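*Asks:* Please see the structure below; I have some questions.
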Amino acid sequence: MPISKANFRFLNELRLHNNREWFADHKHEYGTFHEEVKALAREVEVLMNEHDLLAGGRVYRIYRDVRFSKDKTPYKDYWAGSFRRATALLRGGYYYEIAPGRSFVAGGFFGPNASDLLHIRKQISQDPEPLWEVLNQEDFKQYFGGLKGASVKTSPKGFSIDDPAIALIRQKQFVVEHYFTDAEVLSTDFSQILNDSFRAMRPYLNYMSEILTTDLNGESIV
């Protein structure tokens with residue numbers, strides 16, 4: 001099921017009238033368009049399971065958690081969802097947001113814990129070439145350009161500023177992103193467009209999974 005123009009009109013109106021009174025008057029529309037996004041997610045999950053192994057997906061609720069936020073608007077003005085990879089050997093995840101003028105996919109490792117982060121850095125420092133090869137693949141560069149996410153300014157503790165792989169070792173997050181035009185999102189083949197983006201991401205996730213599930217000698221740790 002494609003995303004409709006009416007869905008985008010709803011999100012635009014919600015952005016302008018982000019309050020409980022307006023939402024209560026339009027909750028029936030919310031239900032319709034939320035189902036539209038869930039149908040899209042089901043289509044994408046079927047396509048993705050042809051080239052990856054998923055443990056399921058979810059479409060997030062539109063209600064915001066405002067407890068710890070300065071922004072007290074009660075609703076998100078976008079749709080969001082994710083897919084989890086299956087088994088301990090397949091690490092990383094797929095994420096997407098849909099909104100007029102700012103739809104995108106993202107994936108990778110948004111907040112690796114301290115142990116995983118140190119392990120990633122040690123693996124990269126020992127042999128950065130396989131990761132560089134993945135990042136320099138034409139398909140990857142076309143979709144994502146390079147790694148995104150927070151990084152340290154100098155060098156992490158225990159690593160030399162002169163390490164040849166310091167540009168990668170500085171990363172605290174290992175995230176990739178790709179943005180879509182509204183025309184792409186509203187097209188009848190957007191499920192395939194989403195799937196193609198996630199498939200382009202998969203070699204990166206596969207390699208990061210490999211270094212997270214093996215020790216520095218290449219032996220399995222799972």
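Here, A, B, ... name the chains of the structure tokens in the order displayed, residue numbers run from 1 inside each chain, and ligands are numbered from 1 in the same displayed order.
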Pull the helix (DSSP H, G or I) assignments for region 29-97 of chain A out of DSSP run on the backbone, and list those residues as a list in words.

*Replies:*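 Selecting the helix (DSSP H, G or I) positions of region 29-97 of chain A gives Glu29, Tyr30, Gly31, Thr32, Phe33, His34, Glu35, Glu36, Val37, Lys38, Ala39, Leu40, Ala41, Arg42, Glu43, Val44, Glu45, Val46, Leu47 and Met48 of chain A.
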
*Asks:* Using only C-alpha atoms, determine which residues lie at most 12 Å from Glu133 (chain A), disregarding the query and same-chain residues fewer than 4 positions distant; provide the list as a PyMOL selection string.

*Replies:* chain A and resi 127-129+137-141+146+203-204+207

*Asks:* Those same residues - all heavy atoms - I'd like them written as a compact mmCIF listing (two decimals), in the first residue's frame.

*Replies:*
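Contents of out.txt, freshly written:
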```txt
# COMPACT_ATOMS: atom_id res chain seq x y z
N ASP A 127 42.60 -4.13 12.13
CA ASP A 127 42.51 -4.36 10.69
C ASP A 127 41.38 -3.52 10.10
O ASP A 127 40.25 -3.98 9.98
CB ASP A 127 42.26 -5.84 10.41
CG ASP A 127 42.28 -6.16 8.92
OD1 ASP A 127 42.71 -5.29 8.13
OD2 ASP A 127 41.88 -7.28 8.54
N PRO A 128 41.67 -2.27 9.74
CA PRO A 128 40.60 -1.39 9.25
C PRO A 128 40.21 -1.62 7.79
O PRO A 128 39.17 -1.15 7.36
CB PRO A 128 41.21 0.00 9.42
CG PRO A 128 42.68 -0.22 9.26
CD PRO A 128 42.96 -1.56 9.87
N GLU A 129 41.03 -2.34 7.04
CA GLU A 129 40.80 -2.42 5.59
C GLU A 129 39.45 -3.03 5.20
O GLU A 129 38.79 -2.51 4.29
CB GLU A 129 41.94 -3.19 4.92
CG GLU A 129 43.24 -2.41 4.87
CD GLU A 129 43.06 -1.03 4.25
OE1 GLU A 129 42.42 -0.95 3.17
OE2 GLU A 129 43.51 -0.04 4.85
N GLN A 137 32.48 0.92 -1.17
CA GLN A 137 31.73 0.29 -2.26
C GLN A 137 30.81 1.32 -2.91
O GLN A 137 30.19 2.15 -2.24
CB GLN A 137 30.91 -0.89 -1.73
CG GLN A 137 31.74 -2.10 -1.36
CD GLN A 137 30.90 -3.22 -0.79
OE1 GLN A 137 29.68 -3.08 -0.61
NE2 GLN A 137 31.53 -4.33 -0.49
N GLU A 138 30.71 1.25 -4.22
CA GLU A 138 29.96 2.27 -4.97
C GLU A 138 28.51 2.34 -4.53
O GLU A 138 27.95 3.43 -4.37
CB GLU A 138 30.04 1.97 -6.46
CG GLU A 138 29.62 3.15 -7.34
CD GLU A 138 30.47 4.40 -7.10
OE1 GLU A 138 31.69 4.28 -6.89
OE2 GLU A 138 29.88 5.52 -7.13
N ASP A 139 27.89 1.18 -4.31
CA ASP A 139 26.49 1.16 -3.90
C ASP A 139 26.31 1.83 -2.54
O ASP A 139 25.38 2.61 -2.33
CB ASP A 139 25.99 -0.29 -3.85
CG ASP A 139 24.47 -0.38 -3.96
OD1 ASP A 139 23.87 0.47 -4.63
OD2 ASP A 139 23.90 -1.31 -3.36
N PHE A 140 27.23 1.53 -1.61
CA PHE A 140 27.15 2.13 -0.29
C PHE A 140 27.33 3.64 -0.36
O PHE A 140 26.56 4.41 0.23
CB PHE A 140 28.22 1.52 0.62
CG PHE A 140 28.20 2.08 2.03
CD1 PHE A 140 27.46 1.48 3.02
CD2 PHE A 140 28.93 3.22 2.35
CE1 PHE A 140 27.43 2.00 4.31
CE2 PHE A 140 28.90 3.75 3.63
CZ PHE A 140 28.16 3.14 4.61
N LYS A 141 28.32 4.10 -1.10
CA LYS A 141 28.60 5.53 -1.20
C LYS A 141 27.44 6.26 -1.88
O LYS A 141 27.10 7.38 -1.50
CB LYS A 141 29.90 5.76 -1.97
CG LYS A 141 31.14 5.32 -1.20
CD LYS A 141 32.37 5.28 -2.07
CE LYS A 141 32.75 6.64 -2.62
NZ LYS A 141 34.00 6.58 -3.41
N GLY A 146 28.75 8.15 3.71
CA GLY A 146 29.72 7.71 4.71
C GLY A 146 29.04 7.53 6.04
O GLY A 146 27.82 7.62 6.16
N PRO A 203 25.45 -5.07 3.65
CA PRO A 203 26.86 -5.47 3.75
C PRO A 203 27.59 -4.78 4.90
O PRO A 203 28.46 -5.39 5.55
CB PRO A 203 27.44 -5.06 2.39
CG PRO A 203 26.28 -5.09 1.47
CD PRO A 203 25.11 -4.61 2.28
N TYR A 204 27.23 -3.54 5.17
CA TYR A 204 27.83 -2.83 6.30
C TYR A 204 27.41 -3.47 7.62
O TYR A 204 28.25 -3.74 8.49
CB TYR A 204 27.41 -1.35 6.26
CG TYR A 204 27.68 -0.60 7.53
CD1 TYR A 204 28.99 -0.36 7.95
CD2 TYR A 204 26.64 -0.15 8.34
CE1 TYR A 204 29.24 0.32 9.13
CE2 TYR A 204 26.89 0.52 9.52
CZ TYR A 204 28.19 0.75 9.90
OH TYR A 204 28.45 1.40 11.08
N TYR A 207 29.20 -6.83 8.09
CA TYR A 207 30.60 -6.78 8.54
C TYR A 207 30.69 -6.35 9.99
O TYR A 207 31.47 -6.92 10.77
CB TYR A 207 31.44 -5.85 7.67
CG TYR A 207 32.86 -5.85 8.16
CD1 TYR A 207 33.66 -6.98 8.03
CD2 TYR A 207 33.38 -4.76 8.85
CE1 TYR A 207 34.94 -7.02 8.54
CE2 TYR A 207 34.67 -4.80 9.38
CZ TYR A 207 35.43 -5.93 9.21
OH TYR A 207 36.70 -5.98 9.74
```

*Asks:* DSSP on the backbone: which residues in region 30-201 of chain A end up as strand (DSSP E or B)? Give the answer as a compact mmCIF listing (two decimals) with N, CA, C and O atoms, in the first residue's frame.

*Replies:*
```txt
# COMPACT_ATOMS: atom_id res chain seq x y z
N LEU A 54 14.98 -11.38 9.55
CA LEU A 54 14.45 -10.42 10.50
C LEU A 54 13.75 -11.12 11.66
O LEU A 54 13.19 -12.19 11.51
N ALA A 55 13.80 -10.45 12.81
CA ALA A 55 13.08 -10.94 13.99
C ALA A 55 11.77 -10.20 14.18
O ALA A 55 11.09 -10.37 15.20
N GLY A 56 11.41 -9.36 13.23
CA GLY A 56 10.15 -8.63 13.32
C GLY A 56 10.36 -7.14 13.15
O GLY A 56 11.49 -6.64 13.08
N GLY A 57 9.27 -6.42 13.08
CA GLY A 57 9.31 -4.98 12.93
C GLY A 57 8.19 -4.34 13.72
O GLY A 57 7.28 -5.02 14.20
N ARG A 58 8.26 -3.02 13.83
CA ARG A 58 7.20 -2.31 14.52
C ARG A 58 7.05 -0.92 13.93
O ARG A 58 8.00 -0.33 13.42
N VAL A 59 5.83 -0.41 13.98
CA VAL A 59 5.54 0.98 13.64
C VAL A 59 5.26 1.68 14.96
O VAL A 59 4.38 1.25 15.73
N TYR A 63 2.38 9.18 19.73
CA TYR A 63 2.40 9.92 20.99
C TYR A 63 3.84 10.09 21.48
O TYR A 63 4.59 9.13 21.55
N TYR A 75 2.50 15.19 20.29
CA TYR A 75 2.52 14.22 19.20
C TYR A 75 3.73 14.42 18.29
O TYR A 75 4.18 15.54 18.07
N TRP A 79 5.82 9.67 10.94
CA TRP A 79 5.69 8.24 11.23
C TRP A 79 7.09 7.65 11.36
O TRP A 79 8.00 8.08 10.67
N ALA A 80 7.23 6.67 12.21
CA ALA A 80 8.53 6.03 12.38
C ALA A 80 8.35 4.55 12.65
O ALA A 80 7.32 4.12 13.20
N GLY A 81 9.34 3.77 12.26
CA GLY A 81 9.30 2.34 12.50
C GLY A 81 10.68 1.74 12.38
O GLY A 81 11.65 2.41 12.01
N SER A 82 10.78 0.46 12.70
CA SER A 82 12.08 -0.21 12.65
C SER A 82 11.89 -1.70 12.41
O SER A 82 10.79 -2.24 12.58
N PHE A 83 12.99 -2.33 12.02
CA PHE A 83 13.05 -3.78 11.86
C PHE A 83 14.26 -4.30 12.62
O PHE A 83 15.34 -3.70 12.56
N ARG A 84 14.08 -5.41 13.33
CA ARG A 84 15.18 -6.04 14.07
C ARG A 84 15.69 -7.24 13.29
O ARG A 84 14.94 -8.00 12.69
N ARG A 85 17.02 -7.41 13.31
CA ARG A 85 17.62 -8.58 12.69
C ARG A 85 17.58 -9.75 13.68
O ARG A 85 17.62 -9.56 14.89
N GLY A 93 20.40 -2.57 13.32
CA GLY A 93 18.98 -2.49 13.05
C GLY A 93 18.66 -1.51 11.96
O GLY A 93 19.50 -0.70 11.56
N TYR A 94 17.42 -1.59 11.45
CA TYR A 94 16.93 -0.72 10.38
C TYR A 94 15.86 0.21 10.95
O TYR A 94 14.96 -0.24 11.67
N TYR A 95 15.90 1.48 10.57
CA TYR A 95 14.97 2.48 11.09
C TYR A 95 14.52 3.36 9.93
O TYR A 95 15.27 3.60 8.97
N TYR A 96 13.28 3.86 10.01
CA TYR A 96 12.79 4.80 8.99
C TYR A 96 11.87 5.82 9.62
O TYR A 96 11.23 5.57 10.64
N GLU A 97 11.84 7.00 9.01
CA GLU A 97 10.87 8.04 9.33
C GLU A 97 10.23 8.53 8.05
O GLU A 97 10.90 8.63 7.01
N ILE A 98 8.95 8.85 8.14
CA ILE A 98 8.19 9.33 6.99
C ILE A 98 7.49 10.61 7.38
O ILE A 98 6.72 10.64 8.35
N SER A 103 11.77 12.57 4.89
CA SER A 103 11.69 11.12 5.04
C SER A 103 13.06 10.50 4.83
O SER A 103 13.80 10.90 3.93
N PHE A 104 13.40 9.51 5.66
CA PHE A 104 14.73 8.91 5.54
C PHE A 104 14.74 7.52 6.16
O PHE A 104 13.85 7.15 6.92
N VAL A 105 15.79 6.78 5.82
CA VAL A 105 16.11 5.55 6.51
C VAL A 105 17.44 5.74 7.22
O VAL A 105 18.28 6.55 6.80
N ALA A 106 17.63 5.00 8.29
CA ALA A 106 18.89 5.00 9.01
C ALA A 106 19.12 3.60 9.55
O ALA A 106 18.18 2.81 9.69
N GLY A 107 20.36 3.30 9.84
CA GLY A 107 20.65 1.99 10.39
C GLY A 107 22.04 1.94 10.97
O GLY A 107 22.83 2.87 10.80
N GLY A 108 22.31 0.86 11.67
CA GLY A 108 23.63 0.69 12.24
C GLY A 108 23.58 0.57 13.74
O GLY A 108 22.74 -0.16 14.30
N PHE A 109 24.43 1.35 14.41
CA PHE A 109 24.64 1.20 15.84
C PHE A 109 24.55 2.58 16.47
O PHE A 109 25.50 3.35 16.47
N LYS A 148 27.74 8.35 9.73
CA LYS A 148 27.23 9.49 10.48
C LYS A 148 27.26 9.13 11.97
O LYS A 148 27.51 8.01 12.35
N SER A 151 31.05 11.53 17.48
CA SER A 151 32.42 11.05 17.56
C SER A 151 33.18 11.90 18.57
O SER A 151 32.75 13.00 18.93
N GLN A 171 34.63 7.35 16.13
CA GLN A 171 33.16 7.25 16.16
C GLN A 171 32.67 6.69 17.48
O GLN A 171 33.21 5.71 18.00
N PHE A 174 27.83 4.49 14.94
CA PHE A 174 28.19 4.00 13.61
C PHE A 174 26.90 3.89 12.80
O PHE A 174 26.32 2.83 12.65
N VAL A 175 26.45 5.04 12.31
CA VAL A 175 25.12 5.17 11.72
C VAL A 175 25.24 5.57 10.25
O VAL A 175 26.13 6.35 9.88
N VAL A 176 24.32 5.08 9.44
CA VAL A 176 24.21 5.51 8.05
C VAL A 176 22.80 6.01 7.80
O VAL A 176 21.84 5.57 8.44
N GLU A 177 22.66 6.95 6.85
CA GLU A 177 21.36 7.58 6.56
C GLU A 177 21.18 7.77 5.06
O GLU A 177 22.16 7.99 4.33
N HIS A 178 19.94 7.72 4.63
CA HIS A 178 19.60 8.03 3.24
C HIS A 178 18.24 8.71 3.23
O HIS A 178 17.29 8.21 3.84
N TYR A 179 18.14 9.83 2.53
CA TYR A 179 16.90 10.61 2.49
C TYR A 179 16.15 10.39 1.18
O TYR A 179 16.75 10.08 0.14
N PHE A 180 14.82 10.56 1.25
CA PHE A 180 13.95 10.37 0.10
C PHE A 180 13.22 11.67 -0.24
O PHE A 180 12.92 12.47 0.64
```

*Asks:* Name the residues in contact with region 161-168 of chain A at a cut-off of 12 Å, using only C-alpha atoms, excluding same-chain residues fewer than 5 positions from it; report them as a PyMOL selection string.

*Replies:* chain A and resi 117+120-132+135+146-156+173-175

*Asks:* Could you turn the residues from that selection into a file that holds N, CA and C atoms, as a short mmCIF file (atom, residue, chain, number, x, y, z; two decimals), in the first residue's frame?

*Replies:*
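Done, and the output landed in selection-v3.cif:
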```cif
data_model
loop_
_atom_site.label_atom_id
_atom_site.label_comp_id
_atom_site.auth_asym_id
_atom_site.auth_seq_id
_atom_site.Cartn_x
_atom_site.Cartn_y
_atom_site.Cartn_z
N LEU A 117 31.49 -0.87 22.16
CA LEU A 117 32.22 0.22 21.52
C LEU A 117 33.73 -0.03 21.57
N ILE A 120 34.54 -2.82 19.08
CA ILE A 120 34.53 -2.32 17.70
C ILE A 120 35.83 -1.57 17.41
N ARG A 121 36.23 -0.70 18.31
CA ARG A 121 37.43 0.10 18.09
C ARG A 121 38.68 -0.77 18.01
N LYS A 122 38.77 -1.77 18.87
CA LYS A 122 39.94 -2.66 18.82
C LYS A 122 39.99 -3.43 17.51
N GLN A 123 38.85 -3.92 17.07
CA GLN A 123 38.80 -4.65 15.81
C GLN A 123 39.20 -3.76 14.63
N ILE A 124 38.69 -2.53 14.62
CA ILE A 124 39.01 -1.61 13.54
C ILE A 124 40.50 -1.26 13.57
N SER A 125 41.03 -0.99 14.75
CA SER A 125 42.44 -0.63 14.86
C SER A 125 43.34 -1.77 14.37
N GLN A 126 42.95 -3.00 14.67
CA GLN A 126 43.76 -4.15 14.27
C GLN A 126 43.76 -4.34 12.76
N ASP A 127 42.60 -4.13 12.13
CA ASP A 127 42.51 -4.36 10.69
C ASP A 127 41.38 -3.52 10.10
N PRO A 128 41.67 -2.27 9.74
CA PRO A 128 40.60 -1.39 9.25
C PRO A 128 40.21 -1.62 7.79
N GLU A 129 41.03 -2.34 7.04
CA GLU A 129 40.80 -2.42 5.59
C GLU A 129 39.45 -3.03 5.20
N PRO A 130 38.99 -4.11 5.85
CA PRO A 130 37.69 -4.66 5.44
C PRO A 130 36.54 -3.66 5.60
N LEU A 131 36.58 -2.87 6.67
CA LEU A 131 35.52 -1.88 6.85
C LEU A 131 35.65 -0.77 5.82
N TRP A 132 36.87 -0.32 5.54
CA TRP A 132 37.04 0.70 4.50
C TRP A 132 36.52 0.18 3.16
N LEU A 135 32.78 0.55 3.17
CA LEU A 135 32.37 1.96 3.10
C LEU A 135 32.66 2.59 1.75
N GLY A 146 28.75 8.15 3.71
CA GLY A 146 29.72 7.71 4.71
C GLY A 146 29.04 7.53 6.04
N LEU A 147 29.84 7.30 7.05
CA LEU A 147 29.30 7.10 8.40
C LEU A 147 28.83 8.42 9.00
N LYS A 148 27.74 8.35 9.73
CA LYS A 148 27.23 9.49 10.48
C LYS A 148 27.26 9.13 11.97
N GLY A 149 26.96 10.13 12.80
CA GLY A 149 26.87 9.88 14.22
C GLY A 149 27.94 10.60 15.01
N ALA A 150 27.76 10.62 16.32
CA ALA A 150 28.66 11.34 17.22
C ALA A 150 30.04 10.70 17.22
N SER A 151 31.05 11.53 17.48
CA SER A 151 32.42 11.05 17.56
C SER A 151 33.18 11.90 18.57
N VAL A 152 34.33 11.40 19.03
CA VAL A 152 35.19 12.18 19.91
C VAL A 152 36.09 13.06 19.05
N LYS A 153 36.58 14.15 19.61
CA LYS A 153 37.34 15.12 18.82
C LYS A 153 38.79 14.71 18.61
N THR A 154 39.36 13.99 19.58
CA THR A 154 40.77 13.63 19.44
C THR A 154 40.89 12.12 19.25
N SER A 155 41.28 11.40 20.29
CA SER A 155 41.35 9.95 20.21
C SER A 155 40.80 9.36 21.50
N PRO A 156 40.09 8.24 21.41
CA PRO A 156 39.56 7.60 22.62
C PRO A 156 40.71 7.09 23.51
N GLN A 173 29.12 6.56 17.52
CA GLN A 173 27.99 5.95 16.85
C GLN A 173 28.43 5.56 15.45
N PHE A 174 27.83 4.49 14.94
CA PHE A 174 28.19 4.00 13.61
C PHE A 174 26.90 3.89 12.80
N VAL A 175 26.45 5.04 12.31
CA VAL A 175 25.12 5.17 11.72
C VAL A 175 25.24 5.57 10.25
#
```

*Asks:* Leaving out region 19-24 of chain A and any residue of its chain fewer than 4 positions from it, which residues lie within 12 Å of it when counting only C-alpha atoms, given as a list in words?

*Replies:*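 The filter keeps Phe10, Leu11, Glu13, Leu14, Arg15, His28, Glu29, Tyr30, Gly31, Ile62, Tyr63, Arg64, Lys72, Thr73, Pro74, Tyr75, Lys76 and Asp77 of chain A.
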
*Asks:* Produce a file of the selected residues containing N, CA and C atoms, as a CSV table (one decimal), in the first residue's frame.

*Replies:*
```csv
chain,number,residue,atom,x,y,z
A,10,PHE,N,-2.4,15.2,6.5
A,10,PHE,CA,-2.6,15.0,7.9
A,10,PHE,C,-1.4,15.4,8.8
A,11,LEU,N,-0.2,15.0,8.4
A,11,LEU,CA,1.0,15.3,9.1
A,11,LEU,C,1.3,16.8,9.1
A,13,GLU,N,-0.9,19.2,8.9
A,13,GLU,CA,-1.9,19.8,9.8
A,13,GLU,C,-1.5,19.5,11.2
A,14,LEU,N,-1.1,18.3,11.5
A,14,LEU,CA,-0.7,18.0,12.9
A,14,LEU,C,0.5,18.9,13.3
A,15,ARG,N,1.4,19.1,12.4
A,15,ARG,CA,2.6,20.0,12.8
A,15,ARG,C,2.1,21.4,13.2
A,28,HIS,N,-9.9,9.8,14.0
A,28,HIS,CA,-10.2,8.8,13.1
A,28,HIS,C,-9.3,8.8,11.9
A,29,GLU,N,-8.8,10.0,11.5
A,29,GLU,CA,-7.8,10.1,10.4
A,29,GLU,C,-6.5,9.5,10.8
A,30,TYR,N,-6.1,9.7,12.1
A,30,TYR,CA,-4.9,9.1,12.6
A,30,TYR,C,-5.0,7.6,12.4
A,31,GLY,N,-6.1,7.0,12.8
A,31,GLY,CA,-6.2,5.6,12.7
A,31,GLY,C,-6.1,5.1,11.3
A,62,ILE,N,2.4,7.5,17.6
A,62,ILE,CA,2.6,8.9,17.3
A,62,ILE,C,2.7,9.8,18.6
A,63,TYR,N,2.4,9.2,19.7
A,63,TYR,CA,2.4,9.9,21.0
A,63,TYR,C,3.8,10.1,21.5
A,64,ARG,N,4.2,11.3,21.9
A,64,ARG,CA,5.5,11.6,22.3
A,64,ARG,C,5.7,11.4,23.8
A,72,LYS,N,7.2,20.1,24.8
A,72,LYS,CA,6.1,19.5,25.4
A,72,LYS,C,4.9,19.2,24.4
A,73,THR,N,5.1,19.4,23.1
A,73,THR,CA,4.1,19.0,22.1
A,73,THR,C,3.8,17.5,22.3
A,74,PRO,N,2.5,17.2,22.3
A,74,PRO,CA,2.2,15.8,22.7
A,74,PRO,C,2.3,14.8,21.6
A,75,TYR,N,2.5,15.2,20.3
A,75,TYR,CA,2.5,14.2,19.2
A,75,TYR,C,3.7,14.4,18.3
A,76,LYS,N,4.2,13.3,17.8
A,76,LYS,CA,5.2,13.4,16.7
A,76,LYS,C,4.5,13.9,15.4
A,77,ASP,N,5.2,14.6,14.6
A,77,ASP,CA,4.6,15.0,13.3
A,77,ASP,C,5.2,14.2,12.2
```

*Asks:* Measuring between only C-alpha atoms, which one of A:Tyr143, A:Ala39, A:Phe110, A:Ala99 shows the shortest distance to Phe198 (chain A)?

*Replies:*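 The shortest atom-to-atom distance to Phe198 (chain A) comes from A:Tyr143.
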
*Asks:* At what distance in Å, to one decimal, does CA of Leu47 (chain A) lie from CA of Phe33 (chain A)?

*Replies:*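 One can read the CA of Phe33 (chain A) to CA of Leu47 (chain A) distance as 21.5 Å.
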
*Asks:* What is the CA of Gly101 (chain A)-CA of Met48 (chain A) distance in Å, reported with one decimal?

*Replies:*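 Interatomic distance, CA of Gly101 (chain A) to CA of Met48 (chain A): 24.9 Å.
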